[in-house]
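Undergrad: mmCIF, C-alpha atoms, file start02.cif:
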```
data_structure
loop_
_atom_site.group_PDB
_atom_site.id
_atom_site.type_symbol
_atom_site.label_atom_id
_atom_site.label_comp_id
_atom_site.auth_asym_id
_atom_site.auth_seq_id
_atom_site.Cartn_x
_atom_site.Cartn_y
_atom_site.Cartn_z
ATOM 1 C CA MET A 1 14.814 4.080 10.475
ATOM 2 C CA THR A 2 16.541 7.246 11.688
ATOM 3 C CA LEU A 3 13.393 8.949 12.953
ATOM 4 C CA SER A 4 12.258 5.741 14.667
ATOM 5 C CA GLY A 5 15.573 5.281 16.462
ATOM 6 C CA ILE A 6 16.045 1.810 15.004
ATOM 7 C CA ARG A 7 19.249 0.575 13.384
ATOM 8 C CA PHE A 8 20.235 -2.091 10.904
ATOM 9 C CA ALA A 9 21.881 -5.142 12.466
ATOM 10 C CA ARG A 10 25.354 -5.923 11.134
ATOM 11 C CA THR A 11 24.707 -9.666 11.056
ATOM 12 C CA PRO A 12 21.581 -11.850 11.089
ATOM 13 C CA ALA A 13 22.677 -13.268 14.429
ATOM 14 C CA SER A 14 22.539 -9.825 16.046
ATOM 15 C CA ALA A 15 19.139 -8.899 14.613
ATOM 16 C CA ASP A 16 15.858 -8.827 16.507
ATOM 17 C CA VAL A 17 13.608 -8.737 13.440
ATOM 18 C CA ALA A 18 14.005 -9.585 9.748
ATOM 19 C CA PHE A 19 12.375 -7.567 6.963
ATOM 20 C CA TYR A 20 11.815 -8.914 3.435
ATOM 21 C CA PHE A 21 12.250 -5.905 1.126
ATOM 22 C CA GLU A 22 12.658 -6.865 -2.529
ATOM 23 C CA ASP A 23 11.209 -4.977 -5.484
ATOM 24 C CA THR A 24 9.796 -7.985 -7.326
ATOM 25 C CA THR A 25 6.250 -8.843 -8.361
ATOM 26 C CA GLN A 26 6.748 -12.421 -7.226
ATOM 27 C CA GLY A 27 9.575 -13.559 -4.985
ATOM 28 C CA VAL A 28 10.752 -15.970 -2.325
ATOM 29 C CA PRO A 29 12.262 -14.486 0.854
ATOM 30 C CA PRO A 30 15.589 -15.897 2.051
ATOM 31 C CA PRO A 31 15.692 -17.896 5.287
ATOM 32 C CA ALA A 32 15.567 -15.800 8.465
ATOM 33 C CA GLY A 33 16.068 -18.458 11.120
ATOM 34 C CA ASN A 34 13.788 -17.985 14.121
ATOM 35 C CA LEU A 35 13.290 -14.266 13.536
ATOM 36 C CA VAL A 36 9.914 -12.778 12.734
ATOM 37 C CA GLN A 37 10.245 -11.843 9.059
ATOM 38 C CA LEU A 38 8.016 -8.933 8.124
ATOM 39 C CA ASN A 39 6.419 -8.948 4.650
ATOM 40 C CA SER A 40 7.735 -12.457 3.977
ATOM 41 C CA ALA A 41 4.246 -13.867 3.450
ATOM 42 C CA CYS A 42 3.522 -11.276 0.757
ATOM 43 C CA ASN A 43 5.197 -13.010 -2.167
ATOM 44 C CA ASP A 44 2.808 -12.220 -5.047
ATOM 45 C CA ILE A 45 1.533 -8.741 -5.894
ATOM 46 C CA SER A 46 0.625 -9.406 -9.522
ATOM 47 C CA LYS A 47 -2.426 -7.538 -10.800
ATOM 48 C CA SER A 48 -4.437 -10.749 -11.056
ATOM 49 C CA ARG A 49 -3.603 -11.759 -7.492
ATOM 50 C CA VAL A 50 -4.526 -8.300 -6.197
ATOM 51 C CA ALA A 51 -7.815 -8.330 -8.113
ATOM 52 C CA ASP A 52 -8.737 -11.835 -6.933
ATOM 53 C CA VAL A 53 -8.072 -11.048 -3.269
ATOM 54 C CA PHE A 54 -9.978 -7.789 -3.569
ATOM 55 C CA ALA A 55 -13.025 -9.552 -5.077
ATOM 56 C CA ASN A 56 -13.048 -12.125 -2.271
ATOM 57 C CA VAL A 57 -12.848 -9.419 0.390
ATOM 58 C CA ALA A 58 -15.120 -6.763 -1.110
ATOM 59 C CA GLY A 59 -17.703 -9.039 -2.706
ATOM 60 C CA TYR A 60 -17.535 -7.403 -6.129
ATOM 61 C CA ALA A 61 -15.116 -7.880 -8.999
ATOM 62 C CA LEU A 62 -12.325 -5.791 -10.480
ATOM 63 C CA ARG A 63 -10.899 -8.432 -12.810
ATOM 64 C CA LEU A 64 -12.678 -9.395 -16.037
ATOM 65 C CA ASP A 65 -12.338 -11.740 -19.009
ATOM 66 C CA PRO A 66 -11.581 -9.618 -22.090
ATOM 67 C CA ARG A 67 -12.948 -12.354 -24.369
ATOM 68 C CA THR A 68 -16.485 -12.091 -22.963
ATOM 69 C CA HIS A 69 -16.645 -8.531 -21.579
ATOM 70 C CA LEU A 70 -18.441 -5.942 -23.719
ATOM 71 C CA GLY A 71 -17.181 -2.366 -23.734
ATOM 72 C CA PRO A 72 -14.135 -0.547 -22.385
ATOM 73 C CA ALA A 73 -11.643 -2.167 -20.007
ATOM 74 C CA VAL A 74 -8.195 -1.443 -18.617
ATOM 75 C CA GLU A 75 -5.247 -3.485 -19.845
ATOM 76 C CA LYS A 76 -2.063 -3.371 -17.742
ATOM 77 C CA SER A 77 1.004 -5.498 -17.088
ATOM 78 C CA GLU A 78 0.899 -8.113 -14.366
ATOM 79 C CA ALA A 79 4.305 -6.829 -13.209
ATOM 80 C CA ASN A 80 4.492 -4.090 -10.591
ATOM 81 C CA GLY A 81 5.457 -0.495 -11.259
ATOM 82 C CA LEU A 82 5.362 -0.356 -15.068
ATOM 83 C CA HIS A 83 2.599 2.294 -15.329
ATOM 84 C CA ASP A 84 1.577 1.008 -18.758
ATOM 85 C CA GLY A 85 -2.188 0.923 -18.281
ATOM 86 C CA ARG A 86 -4.368 1.695 -21.263
ATOM 87 C CA ILE A 87 -8.044 1.531 -22.187
ATOM 88 C CA VAL A 88 -9.033 -1.192 -24.654
ATOM 89 C CA THR A 89 -12.356 -2.174 -26.194
ATOM 90 C CA CYS A 90 -13.661 -5.663 -25.458
ATOM 91 C CA PRO A 91 -14.218 -8.346 -26.517
ATOM 92 C CA CYS A 92 -10.582 -8.907 -27.456
ATOM 93 C CA ASP A 93 -7.952 -11.608 -27.100
ATOM 94 C CA PRO A 94 -5.821 -11.291 -23.954
ATOM 95 C CA ALA A 95 -2.178 -10.422 -24.462
ATOM 96 C CA ALA A 96 0.545 -12.410 -22.718
ATOM 97 C CA GLY A 97 1.586 -10.969 -19.377
ATOM 98 C CA LYS A 98 -1.380 -8.599 -19.209
ATOM 99 C CA ALA A 99 -4.231 -8.284 -16.716
ATOM 100 C CA TYR A 100 -7.677 -6.945 -17.584
ATOM 101 C CA GLN A 101 -9.861 -4.946 -15.220
ATOM 102 C CA HIS A 102 -13.076 -2.977 -15.198
ATOM 103 C CA LEU A 103 -12.562 0.669 -16.088
ATOM 104 C CA VAL A 104 -12.935 2.508 -12.773
ATOM 105 C CA ASP A 105 -13.685 6.146 -13.530
ATOM 106 C CA SER A 106 -12.186 7.924 -10.531
ATOM 107 C CA SER A 107 -12.568 11.380 -12.048
ATOM 108 C CA ASP A 108 -15.017 14.239 -11.868
ATOM 109 C CA GLY A 109 -14.744 14.583 -15.616
ATOM 110 C CA THR A 110 -11.676 16.783 -15.450
ATOM 111 C CA THR A 111 -9.495 15.558 -12.567
ATOM 112 C CA ALA A 112 -8.722 11.951 -11.636
ATOM 113 C CA PHE A 113 -8.229 11.026 -7.978
ATOM 114 C CA ASP A 114 -6.039 8.256 -6.574
ATOM 115 C CA TYR A 115 -6.007 7.368 -2.863
ATOM 116 C CA ARG A 116 -2.529 6.118 -1.984
ATOM 117 C CA THR A 117 -3.101 4.357 1.336
ATOM 118 C CA THR A 118 -0.220 3.412 3.612
ATOM 119 C CA ILE A 119 -0.336 0.008 5.348
ATOM 120 C CA ILE A 120 1.877 -0.648 8.379
ATOM 121 C CA GLY A 121 1.335 -3.699 10.580
ATOM 122 C CA ARG A 122 -1.440 -4.888 8.212
ATOM 123 C CA VAL A 123 -3.559 -1.864 9.120
ATOM 124 C CA PRO A 124 -4.316 1.259 7.025
ATOM 125 C CA ARG A 125 -2.712 4.332 8.634
ATOM 126 C CA PHE A 126 -3.297 7.408 6.425
ATOM 127 C CA VAL A 127 -3.998 8.460 2.838
ATOM 128 C CA LEU A 128 -2.203 10.565 0.256
ATOM 129 C CA VAL A 129 -4.768 12.005 -2.159
ATOM 130 C CA LYS A 130 -3.161 12.327 -5.597
ATOM 131 C CA THR A 131 -4.687 14.208 -8.534
ATOM 132 C CA LYS A 132 -3.870 14.294 -12.237
ATOM 133 C CA PRO A 133 -5.721 15.158 -15.453
ATOM 134 C CA ALA A 134 -8.489 12.663 -16.235
ATOM 135 C CA GLY A 135 -7.065 12.202 -19.715
ATOM 136 C CA ASP A 136 -3.704 11.181 -18.256
ATOM 137 C CA ARG A 137 -4.965 8.938 -15.475
ATOM 138 C CA PHE A 138 -2.345 6.214 -15.983
ATOM 139 C CA SER A 139 0.604 8.580 -15.721
ATOM 140 C CA MET A 140 2.928 8.405 -12.712
ATOM 141 C CA HIS A 141 3.118 12.218 -12.624
ATOM 142 C CA ASN A 142 0.743 14.027 -10.257
ATOM 143 C CA ASP A 143 -0.657 17.534 -10.289
ATOM 144 C CA THR A 144 -1.145 17.607 -6.505
ATOM 145 C CA VAL A 145 -0.580 15.316 -3.512
ATOM 146 C CA SER A 146 -2.015 15.997 -0.050
ATOM 147 C CA PHE A 147 -2.115 14.210 3.305
ATOM 148 C CA ARG A 148 -5.493 13.042 4.678
ATOM 149 C CA GLN A 149 -6.660 11.099 7.686
ATOM 150 C CA LEU A 150 -8.498 7.861 6.927
ATOM 151 C CA PRO A 151 -12.012 8.932 8.054
ATOM 152 C CA ASP A 152 -11.804 11.956 5.754
ATOM 153 C CA VAL A 153 -11.670 9.646 2.734
ATOM 154 C CA PHE A 154 -13.155 6.246 3.611
ATOM 155 C CA SER A 155 -16.287 5.066 5.417
ATOM 156 C CA PRO A 156 -16.047 2.501 8.266
ATOM 157 C CA ALA A 157 -17.253 -0.231 5.890
ATOM 158 C CA GLU A 158 -14.587 0.711 3.344
ATOM 159 C CA LEU A 159 -11.890 0.735 6.010
ATOM 160 C CA ASP A 160 -13.006 -2.766 6.935
ATOM 161 C CA ILE A 161 -12.517 -3.873 3.310
ATOM 162 C CA ILE A 162 -9.049 -2.297 3.199
ATOM 163 C CA THR A 163 -8.020 -3.869 6.519
ATOM 164 C CA ARG A 164 -9.233 -7.339 5.550
ATOM 165 C CA PHE A 165 -7.458 -7.009 2.210
ATOM 166 C CA ALA A 166 -4.198 -6.105 3.982
ATOM 167 C CA GLU A 167 -4.612 -9.093 6.305
ATOM 168 C CA THR A 168 -5.285 -11.492 3.433
ATOM 169 C CA MET A 169 -2.322 -10.204 1.426
ATOM 170 C CA ALA A 170 -0.119 -10.337 4.576
ATOM 171 C CA LEU A 171 0.965 -6.717 4.147
ATOM 172 C CA ASP A 172 3.142 -5.723 7.079
ATOM 173 C CA TRP A 173 4.498 -2.796 5.043
ATOM 174 C CA ALA A 174 2.919 -1.552 1.813
ATOM 175 C CA ALA A 175 1.056 1.161 -0.032
ATOM 176 C CA LEU A 176 -2.217 0.559 -1.859
ATOM 177 C CA ASP A 177 -3.557 2.418 -4.877
ATOM 178 C CA ILE A 178 -7.300 2.795 -4.337
ATOM 179 C CA LEU A 179 -9.797 4.292 -6.777
ATOM 180 C CA ARG A 180 -13.389 5.364 -6.155
ATOM 181 C CA ASP A 181 -15.744 4.885 -9.081
ATOM 182 C CA SER A 182 -17.612 8.125 -9.729
ATOM 183 C CA ASN A 183 -20.711 6.272 -10.940
ATOM 184 C CA SER A 184 -21.200 3.593 -8.286
ATOM 185 C CA GLY A 185 -19.283 5.235 -5.417
ATOM 186 C CA ARG A 186 -17.510 1.952 -4.732
ATOM 187 C CA ILE A 187 -13.808 1.749 -3.926
ATOM 188 C CA TYR A 188 -11.419 -0.577 -5.788
ATOM 189 C CA ILE A 189 -7.936 -1.623 -4.657
ATOM 190 C CA VAL A 190 -6.070 -1.790 -7.956
ATOM 191 C CA ASP A 191 -2.408 -2.050 -6.980
ATOM 192 C CA VAL A 192 -0.088 -3.080 -4.144
ATOM 193 C CA ASN A 193 3.436 -1.764 -3.609
ATOM 194 C CA LYS A 194 5.248 -3.837 -0.972
ATOM 195 C CA THR A 195 8.458 -1.798 -1.231
ATOM 196 C CA ASP A 196 6.951 1.606 -0.536
ATOM 197 C CA THR A 197 9.683 4.186 0.052
ATOM 198 C CA GLY A 198 7.766 6.976 1.753
ATOM 199 C CA PRO A 199 6.031 10.228 0.847
ATOM 200 C CA ALA A 200 5.620 11.434 -2.723
ATOM 201 C CA VAL A 201 7.951 14.176 -3.890
ATOM 202 C CA ASP A 202 4.932 16.348 -4.722
ATOM 203 C CA LEU A 203 3.966 16.740 -1.050
ATOM 204 C CA SER A 204 4.275 20.100 0.661
ATOM 205 C CA TRP A 205 6.885 20.344 3.420
ATOM 206 C CA HIS A 206 4.074 20.586 5.983
ATOM 207 C CA ASP A 207 2.414 17.369 4.796
ATOM 208 C CA ARG A 208 5.779 15.653 4.375
ATOM 209 C CA SER A 209 6.494 16.313 8.045
ATOM 210 C CA ARG A 210 3.139 14.827 9.043
ATOM 211 C CA VAL A 211 3.724 11.763 6.886
ATOM 212 C CA MET A 212 7.197 11.098 8.266
ATOM 213 C CA ARG A 213 6.006 11.427 11.865
ATOM 214 C CA ALA A 214 3.153 9.004 11.204
ATOM 215 C CA ILE A 215 5.407 6.487 9.449
ATOM 216 C CA SER A 216 7.964 6.747 12.263
ATOM 217 C CA ARG A 217 5.388 6.058 14.988
ATOM 218 C CA HIS A 218 3.753 3.089 13.314
ATOM 219 C CA PHE A 219 7.016 1.588 12.077
ATOM 220 C CA HIS A 220 8.521 1.774 15.580
ATOM 221 C CA ALA A 221 5.401 0.163 17.071
ATOM 222 C CA MET A 222 5.507 -2.690 14.575
ATOM 223 C CA ILE A 223 9.224 -3.403 15.026
ATOM 224 C CA ALA A 224 9.126 -3.090 18.813
ATOM 225 C CA GLY A 225 6.073 -5.316 18.989
ATOM 226 C CA VAL A 226 7.631 -8.248 17.164
ATOM 227 C CA ALA A 227 11.112 -7.800 18.654
ATOM 228 C CA ARG A 228 10.093 -8.152 22.291
ATOM 229 C CA PRO A 229 11.160 -11.590 23.528
ATOM 230 C CA ASP A 230 7.888 -12.152 25.409
ATOM 231 C CA VAL A 231 5.726 -11.507 22.344
ATOM 232 C CA THR A 232 4.396 -14.683 20.763
ATOM 233 C CA ALA A 233 1.644 -13.049 18.701
ATOM 234 C CA THR A 234 1.810 -12.614 14.963
ATOM 235 C CA ALA A 235 3.325 -9.495 13.475
ATOM 236 C CA PRO A 236 0.008 -7.662 12.914
ATOM 237 C CA GLN A 237 -1.261 -8.561 16.403
ATOM 238 C CA ALA A 238 1.942 -7.313 17.993
ATOM 239 C CA ALA A 239 1.851 -4.115 15.960
ATOM 240 C CA ARG A 240 -1.669 -3.368 17.122
ATOM 241 C CA ASN A 241 -0.902 -4.100 20.777
ATOM 242 C CA ALA A 242 2.410 -2.242 21.009
ATOM 243 C CA ARG A 243 2.374 1.228 22.571
ATOM 244 C CA GLU A 244 3.332 3.927 20.107
ATOM 245 C CA SER A 245 6.073 6.369 20.994
ATOM 246 C CA MET A 246 4.621 9.791 20.171
ATOM 247 C CA ARG A 247 6.774 12.430 18.507
ATOM 248 C CA THR A 248 6.001 16.059 17.862
ATOM 249 C CA GLY A 249 8.414 16.707 14.999
ATOM 250 C CA TYR A 250 11.638 15.704 13.342
ATOM 251 C CA VAL A 251 13.592 14.370 16.306
ATOM 252 C CA ILE A 252 16.682 12.444 15.259
ATOM 253 C CA GLU A 253 17.671 10.156 18.084
ATOM 254 C CA THR A 254 20.785 8.119 18.727
ATOM 255 C CA PRO A 255 20.077 4.771 17.001
ATOM 256 C CA ARG A 256 19.240 2.102 19.492
ATOM 257 C CA LYS A 257 18.505 -1.566 19.348
ATOM 258 C CA VAL A 258 14.906 -2.505 20.169
#
```
Take the structure from the file and write it as structure tokens.
TA:
Amino acid sequence: MTLSGIRFARTPASADVAFYFEDTTQGVPPPAGNLVQLNSACNDISKSRVADVFANVAGYALRLDPRTHLGPAVEKSEANGLHDGRIVTCPCDPAAGKAYQHLVDSSDGTTAFDYRTTIIGRVPRFVLVKTKPAGDRFSMHNDTVSFRQLPDVFSPAELDIITRFAETMALDWAALDILRDSNSGRIYIVDVNKTDTGPAVDLSWHDRSRVMRAISRHFHAMIAGVARPDVTATAPQAARNARESMRTGYVIETPRKV
């Protein structure tokens, strides 16, 4: 907010845009009157919902039935942010509150890779490549995190899958966890975080600066696009059409209303 030069409104009546920001797996946004309410249509980020949307968009499945699948699978909580994934052997009976997915081996045998992809305005913007030991792939602790541009990591066809997924999930603001299977080469979107709070602490200061500049530009474009009184397009359309205000570094401006 500070880097973008945008401020919080003191009352709903003085706001130009509403933003639904609640750290829940499933939730119902409060009324926002006639304001555009960003992220309000993203009200279910359970693992099953994510896997079902991904299968419809990509054309291949992540989710599986543990009662009929043969071999290893990943069991994890439906709830967001618990980091309790583990490998189980199927067939097995499903546990309450758990989702079951194909085991995506995103490692080279030693190091596991996770592509944390930032979504702003329902469009992928950049990637944070995270690494950790292959034997500790479900941990939330990283060995390294580095900033990458989208074409350095994903093909045009893969970017199309990611964009259509973001559109279907109505992600105005989010971060995706994406894995690439080392055997098939396919990407899998395995998790959605709709309350993303910015760059990982493991980033270098150089990459952190790049991330914050990128977030600032795209966030300002999205907010300005939907706040303009003559804009009647949807939030993602406005975000794409709005001109981005370019910044060259950490410039803290006097907060202004947009």
Undergrad: Would you list the contacts of Ala58 (chain A) as a PDB file with C-alpha atoms, in the frame of the given file, taking every protein, DNA or RNA residue within 9 Å and counting only C-alpha atoms, but skipping same-chain residues closer than 5 positions in sequence?
TA:
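Written output follows (selection07.pdb):
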```pdb
ATOM      1  CA  VAL A  53      -8.072 -11.048  -3.269  1.00  0.00           C
ATOM      2  CA  GLU A 158     -14.587   0.711   3.344  1.00  0.00           C
ATOM      3  CA  ILE A 161     -12.517  -3.873   3.310  1.00  0.00           C
ATOM      4  CA  ILE A 162      -9.049  -2.297   3.199  1.00  0.00           C
ATOM      5  CA  ARG A 164      -9.233  -7.339   5.550  1.00  0.00           C
ATOM      6  CA  PHE A 165      -7.458  -7.009   2.210  1.00  0.00           C
ATOM      7  CA  TYR A 188     -11.419  -0.577  -5.788  1.00  0.00           C
TER       8      TYR A 188
END
```
Undergrad: Leaving out Gln37 (chain A) and any residue of its chain fewer than 4 positions from it, which residues lie within 12 Å of it when counting all atoms listed in the file, given as a PDB file with C-alpha atoms, keeping the file's coordinate frame?
TA:
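Writing the result to result.pdb gives the following:
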```
ATOM      1  CA  PRO A  12      21.581 -11.850  11.089  1.00  0.00           C
ATOM      2  CA  ALA A  15      19.139  -8.899  14.613  1.00  0.00           C
ATOM      3  CA  ASP A  16      15.858  -8.827  16.507  1.00  0.00           C
ATOM      4  CA  VAL A  17      13.608  -8.737  13.440  1.00  0.00           C
ATOM      5  CA  ALA A  18      14.005  -9.585   9.748  1.00  0.00           C
ATOM      6  CA  PHE A  19      12.375  -7.567   6.963  1.00  0.00           C
ATOM      7  CA  TYR A  20      11.815  -8.914   3.435  1.00  0.00           C
ATOM      8  CA  PHE A  21      12.250  -5.905   1.126  1.00  0.00           C
ATOM      9  CA  PRO A  29      12.262 -14.486   0.854  1.00  0.00           C
ATOM     10  CA  PRO A  30      15.589 -15.897   2.051  1.00  0.00           C
ATOM     11  CA  PRO A  31      15.692 -17.896   5.287  1.00  0.00           C
ATOM     12  CA  ALA A  32      15.567 -15.800   8.465  1.00  0.00           C
ATOM     13  CA  GLY A  33      16.068 -18.458  11.120  1.00  0.00           C
ATOM     14  CA  ALA A  41       4.246 -13.867   3.450  1.00  0.00           C
ATOM     15  CA  CYS A  42       3.522 -11.276   0.757  1.00  0.00           C
ATOM     16  CA  ALA A 170      -0.119 -10.337   4.576  1.00  0.00           C
ATOM     17  CA  LEU A 171       0.965  -6.717   4.147  1.00  0.00           C
ATOM     18  CA  ASP A 172       3.142  -5.723   7.079  1.00  0.00           C
ATOM     19  CA  TRP A 173       4.498  -2.796   5.043  1.00  0.00           C
ATOM     20  CA  MET A 222       5.507  -2.690  14.575  1.00  0.00           C
ATOM     21  CA  ILE A 223       9.224  -3.403  15.026  1.00  0.00           C
ATOM     22  CA  VAL A 226       7.631  -8.248  17.164  1.00  0.00           C
ATOM     23  CA  ALA A 227      11.112  -7.800  18.654  1.00  0.00           C
ATOM     24  CA  THR A 234       1.810 -12.614  14.963  1.00  0.00           C
ATOM     25  CA  ALA A 235       3.325  -9.495  13.475  1.00  0.00           C
ATOM     26  CA  PRO A 236       0.008  -7.662  12.914  1.00  0.00           C
TER      27      PRO A 236
END
```
Undergrad: List as a count of residues only: which residues have an atom within 9 Å of (2.8, -1.1, 4.0), counting all atoms listed in the file?
TA: 21
Undergrad: Quick one: apply the PyMOL selection byres ((chain A and resi 85) around 6) to the file and drop the selected residues here as an MDAnalysis selection string.
TA: chainID A and resid 75:76 83:84 86 138
Undergrad: Take the PyMOL selection byres ((chain A and resi 146) around 7), apply it to the structure above, and return the hits as a list of chain:residue names.
TA: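 This file gives the following for the PyMOL selection byres ((chain A and resi 146) around 7): A:Leu128, A:Val129, A:Lys130, A:Thr144, A:Val145, A:Phe147, A:Arg148, A:Leu203, A:Asp207.
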Undergrad: CA of Met212 (chain A) to CA of Lys132 (chain A): how many Å, to one decimal?
TA: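 Distance reported for this atom pair: 23.5 Å.
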Undergrad: Counting all atoms listed in the file, figure out which residue out of A:Ser106, A:Thr24, A:Thr163, A:Ser216 gets nearest to Ile187 (chain A).
TA: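 Ranked by minimum distance to Ile187 (chain A), first place goes to A:Ser106.
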Undergrad: Please compute the CA of Asp114 (chain A)-CA of Leu179 (chain A) distance, one decimal, in Å.
TA: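 Value for the CA of Asp114 (chain A)-CA of Leu179 (chain A) distance: 5.5 Å.
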Undergrad: Region 141-157 of chain A, all listed atoms, 8 Å padding on each side: what axis-aligned box centre and edge lengths in Å to one decimal come out, as JSON?
TA:
```
{"center_x": -7.1, "center_y": 8.7, "center_z": -2.2, "size_x": 36.4, "size_y": 33.8, "size_z": 36.9}
```
Undergrad: Hey, what comes out of the PyMOL selection byres ((chain A and resi 56) around 12) on this file? Could you write it as a ChimeraX atom specification?
TA: /A:49-55,57-63,161-162,164-165,168-169,189
Undergrad: Could the residues in this selection be saved with C-alpha atoms as a PDB file, in the frame of the given file?
TA:
```pdb
ATOM      1  CA  ARG A  49      -3.603 -11.759  -7.492  1.00  0.00           C
ATOM      2  CA  VAL A  50      -4.526  -8.300  -6.197  1.00  0.00           C
ATOM      3  CA  ALA A  51      -7.815  -8.330  -8.113  1.00  0.00           C
ATOM      4  CA  ASP A  52      -8.737 -11.835  -6.933  1.00  0.00           C
ATOM      5  CA  VAL A  53      -8.072 -11.048  -3.269  1.00  0.00           C
ATOM      6  CA  PHE A  54      -9.978  -7.789  -3.569  1.00  0.00           C
ATOM      7  CA  ALA A  55     -13.025  -9.552  -5.077  1.00  0.00           C
ATOM      8  CA  VAL A  57     -12.848  -9.419   0.390  1.00  0.00           C
ATOM      9  CA  ALA A  58     -15.120  -6.763  -1.110  1.00  0.00           C
ATOM     10  CA  GLY A  59     -17.703  -9.039  -2.706  1.00  0.00           C
ATOM     11  CA  TYR A  60     -17.535  -7.403  -6.129  1.00  0.00           C
ATOM     12  CA  ALA A  61     -15.116  -7.880  -8.999  1.00  0.00           C
ATOM     13  CA  LEU A  62     -12.325  -5.791 -10.480  1.00  0.00           C
ATOM     14  CA  ARG A  63     -10.899  -8.432 -12.810  1.00  0.00           C
ATOM     15  CA  ILE A 161     -12.517  -3.873   3.310  1.00  0.00           C
ATOM     16  CA  ILE A 162      -9.049  -2.297   3.199  1.00  0.00           C
ATOM     17  CA  ARG A 164      -9.233  -7.339   5.550  1.00  0.00           C
ATOM     18  CA  PHE A 165      -7.458  -7.009   2.210  1.00  0.00           C
ATOM     19  CA  THR A 168      -5.285 -11.492   3.433  1.00  0.00           C
ATOM     20  CA  MET A 169      -2.322 -10.204   1.426  1.00  0.00           C
ATOM     21  CA  ILE A 189      -7.936  -1.623  -4.657  1.00  0.00           C
TER      22      ILE A 189
END
```
Undergrad: Quick one: pull the distance between CA of Gly135 (chain A) and CA of Ser48 (chain A), Å, one decimal.
TA: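 The value is 24.7 Å.
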Undergrad: Would you pick out the contacts of Thr25 (chain A) at 7 Å or less, using only C-alpha atoms, so that residues sharing its chain but fewer than 5 positions from it are not included, and give the list as a PDB file with C-alpha atoms, in the frame of the given file?
TA:
```
ATOM      1  CA  ASP A  44       2.808 -12.220  -5.047  1.00  0.00           C
ATOM      2  CA  ILE A  45       1.533  -8.741  -5.894  1.00  0.00           C
ATOM      3  CA  SER A  46       0.625  -9.406  -9.522  1.00  0.00           C
ATOM      4  CA  ALA A  79       4.305  -6.829 -13.209  1.00  0.00           C
ATOM      5  CA  ASN A  80       4.492  -4.090 -10.591  1.00  0.00           C
TER       6      ASN A  80
END
```
Undergrad: Looking at A:Asp93, A:Asp23, A:Asp108, A:Asp152, which one is nearest to Arg137 (chain A), with distances taken over all atoms listed in the file?
TA: A:Asp108
Undergrad: Taking (-7.4, 17.6, -10.0) in the coordinates of the supplied file, I want to know which residues reach to within 8 Å of it, counting only C-alpha atoms; could you give the answer as number ranges by chain?
TA: A: 110-113, 131-133, 143-144
Undergrad: Output C-alpha atoms of each residue in that selection to a file, as a PDB file, keeping the file's coordinate frame.
TA:
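See result.pdb below for the written result:
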```pdb
ATOM      1  CA  THR A 110     -11.676  16.783 -15.450  1.00  0.00           C
ATOM      2  CA  THR A 111      -9.495  15.558 -12.567  1.00  0.00           C
ATOM      3  CA  ALA A 112      -8.722  11.951 -11.636  1.00  0.00           C
ATOM      4  CA  PHE A 113      -8.229  11.026  -7.978  1.00  0.00           C
ATOM      5  CA  THR A 131      -4.687  14.208  -8.534  1.00  0.00           C
ATOM      6  CA  LYS A 132      -3.870  14.294 -12.237  1.00  0.00           C
ATOM      7  CA  PRO A 133      -5.721  15.158 -15.453  1.00  0.00           C
ATOM      8  CA  ASP A 143      -0.657  17.534 -10.289  1.00  0.00           C
ATOM      9  CA  THR A 144      -1.145  17.607  -6.505  1.00  0.00           C
TER      10      THR A 144
END
```
Undergrad: Determine the nearest neighbour of Asp177 (chain A) from the options A:Leu159, A:Val127, A:Leu70, A:Leu82, counting all atoms listed in the file.
TA: A:Val127
Undergrad: Considering all atoms listed in the file, return as number ranges by chain whatever protein or nucleic-acid residues lie within 9 Å of Asp105 (chain A), sequence-local ones (same chain, fewer than 4 positions apart) excluded.
TA: A: 109, 112, 134, 179-183
Undergrad: Go through A:Ile87, A:Ala200, A:Ala224, A:Ile178 and flag the residue nearest Met140 (chain A), using all atoms listed in the file for the distances.
TA: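 Result for the nearest residue to Met140 (chain A): A:Ala200.
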